[in-house]
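A short write-up of the structure that comes next.
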Amino acid sequence: MVSAHDPAAAGEPPHPHDFSEQLIRQLYEDLDGFLFDGSDAVDNAWPLVIDAVQAARIRGAVLLVFARATLAAHHRLVYDEAPPDEALALDAAAEAIASFLPEARPQLPALKNHAERLTRQMAIAEQSPDAIHVPLSQAIQRFYVALGEENASAGSRALIEMRSIILHLDACAVMLDQTESAPEPIRVIRPDRFHDYFMHYASLARTPENARGEKPVATLTEGGRITAVITEDTHPLEAAAAAVRATIHGDDTTRDHALARIRALLDVLDGLRRSPNPLLGDAIQDDTVHLSLVLAAATAPLAASSGFRFPAIAQIARYNQHLLRGAAAVTGPAH
């Protein structure tokens with residue numbers, strides 16, 4: 001990748017458009033095999049995005065949000081100050097995209113509208129005062145600073161953050177591409193907290209030892225696997241939801257949204273139990289697959305009136321698996 005912060009080491013700083021192009025292309029190459037088109041993972045991510053640009057779909061607008069972040073990061077790295085003309089930042093991003101994708105120019109007005117819609121959706125879900133291009137730009141800055149300082153650990157963390165943000169932006173865009181109107185987005189939940197909420201929910205919903213009677217209901221094992229039980233007691237899932245809701249951090253909306261994510265995740269797990277998907281692996285027997293789905297369910301785009309769109313949660317879960325298995329390979333088996 002080009003160096004934007006160390007002119008002495010790499011000559012003059014690259015033109016902002018060149019910097020943007022190289023970083024965008026490289027990151028999408030890193031996501032080969034992770035982005036989904038329908039129910040299939042795509043080996044080459046870049047052509048998929050180009051098709052979305054040419055068709056003026058929301059997925060193509062991710063490029064504009066990404067370019068906006070790269071231009072802001074470039075300015076900060078070169079001049080050590082915030083970029084000027086923030087009101088025109090999306091126009092500047094569109095020009096950067098057109099500089100290396102001239103075929104995108106006719107679609108830029110539509111893509112700019114899509115980018116604004118996508119940014120609004122992400123802001124509601126993230127409950128953040130900063131638009132999504134801000135943390136992406138900051139991750140880019142940290143990545144190049146780490147390169148200059150030869151800090152591989154910091155650089156790796158920043159690169160993972162960059163990929164994760166683009167993956168989530170893409171997943172949100174895919175969801176919006178599949179709806180005619182902008183549905184109310186469910187808030188994201190901090191993954192470590194969501195994991196605890198879900199496991200607590202699963203534990204509470206396990207088969208009661210004193211179950212009696214002849215009323216069949218669905219409940220969970222400790223790992224979140226759905227099973228059938230017979231009981232006359234209060235439905236275990238309803239009781240678990242009420243108990244877990246009281247432990248959730250945040251306001252009433254956050255509590256409701258966390259439970260909505262738990263219920264949507266249960267639908268995904270039940271669907272995989274009925275129809276296993278080789279692209280995701282065995283969520284029943286493989287703890288890494290199961291954990292990757294739980295963590296994905298904390299942040300994957302979710303509308304208030306529907307469950308998870310399979311491509312959205314699947315691509316995030318697959319990337320989570322990649323990270324989890326990579327971390328396990330580095331640390332080795334526990335003793």
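The chains in the structure tokens are called A, B, ... from first to last as shown; in each chain the residues are counted from 1, and the ligands are counted from 1 in the order shown.
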
So that I can check the surroundings of segment 43-48 of chain A, please list as a list in words every protein, DNA and RNA residue that reaches within 6 Å of it, counting only C-alpha atoms and ignoring chain neighbours fewer than 6 positions away.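 The neighbour list is Tyr28, Asp32 and Gly33 of chain A.
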
With only C-alpha atoms as the counted atoms, please give the residues lying no more than 12 Å from segment 125-133 of chain A, apart from itself and same-chain residues fewer than 2 positions off, as a ChimeraX atom specification. /A:62-73,86,89-90,93,115-123,135-140,162,164-166,168-169,172,183-190,250,253-254,257-258,298-304

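Residues surrounding Pro311 of chain A within 8 Å are A:Leu35, A:Phe36, A:Asp37, A:Gly38, A:Ser39, A:Asp40, A:Ala171, A:Val174, A:Arg309, A:Ile313, A:Ala314, A:Gln315 [only C-alpha atoms; sequence separation below 2 positions excluded].
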
In Å, with one decimal, what is the gap from atom CA of Arg57 of chain A to atom CA of Ala104 of chain A?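 So the answer is 11.6 Å.
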
So, counting only C-alpha atoms, which residue among A:Ala98, A:Ala205, A:Ile284, A:Leu291 is closest to Asp192 of chain A?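 Closest residue, counting only C-alpha atoms: A:Leu291.
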
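Using only C-alpha atoms, the shortest contact distance between Gly326 of chain A and any of A:Ile160, A:Phe34, A:Phe194, A:Ala243 is found at A:Ile160.
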
Residue among A:Leu259, A:Leu31, A:Leu101, A:Leu323 lying closest to Thr288 of chain A, counting only C-alpha atoms: A:Leu323

Between A:Ala94, A:Met199, A:Ala264, A:Ala154, single out the one closest to Lys112 of chain A, counting only C-alpha atoms.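 Smallest separation from Lys112 of chain A among the options: A:Ala94.
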
Measure the distance from atom CA of Ala55 of chain A to atom CA of Met175 of chain A in Å and round it to one decimal.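 That distance, rounded to one decimal, is 16.0 Å.
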
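Between atom CA of Val268 of chain A and atom CA of Leu159 of chain A the separation is 28.8 Å.
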
List every residue of segment 8-139 of chain A that DSSP, applied to the backbone, labels as helix (DSSP H, G or I), and write the result as number ranges by chain. A: 8-10, 16-30, 45-54, 58-79, 86-100, 102-126, 133-139
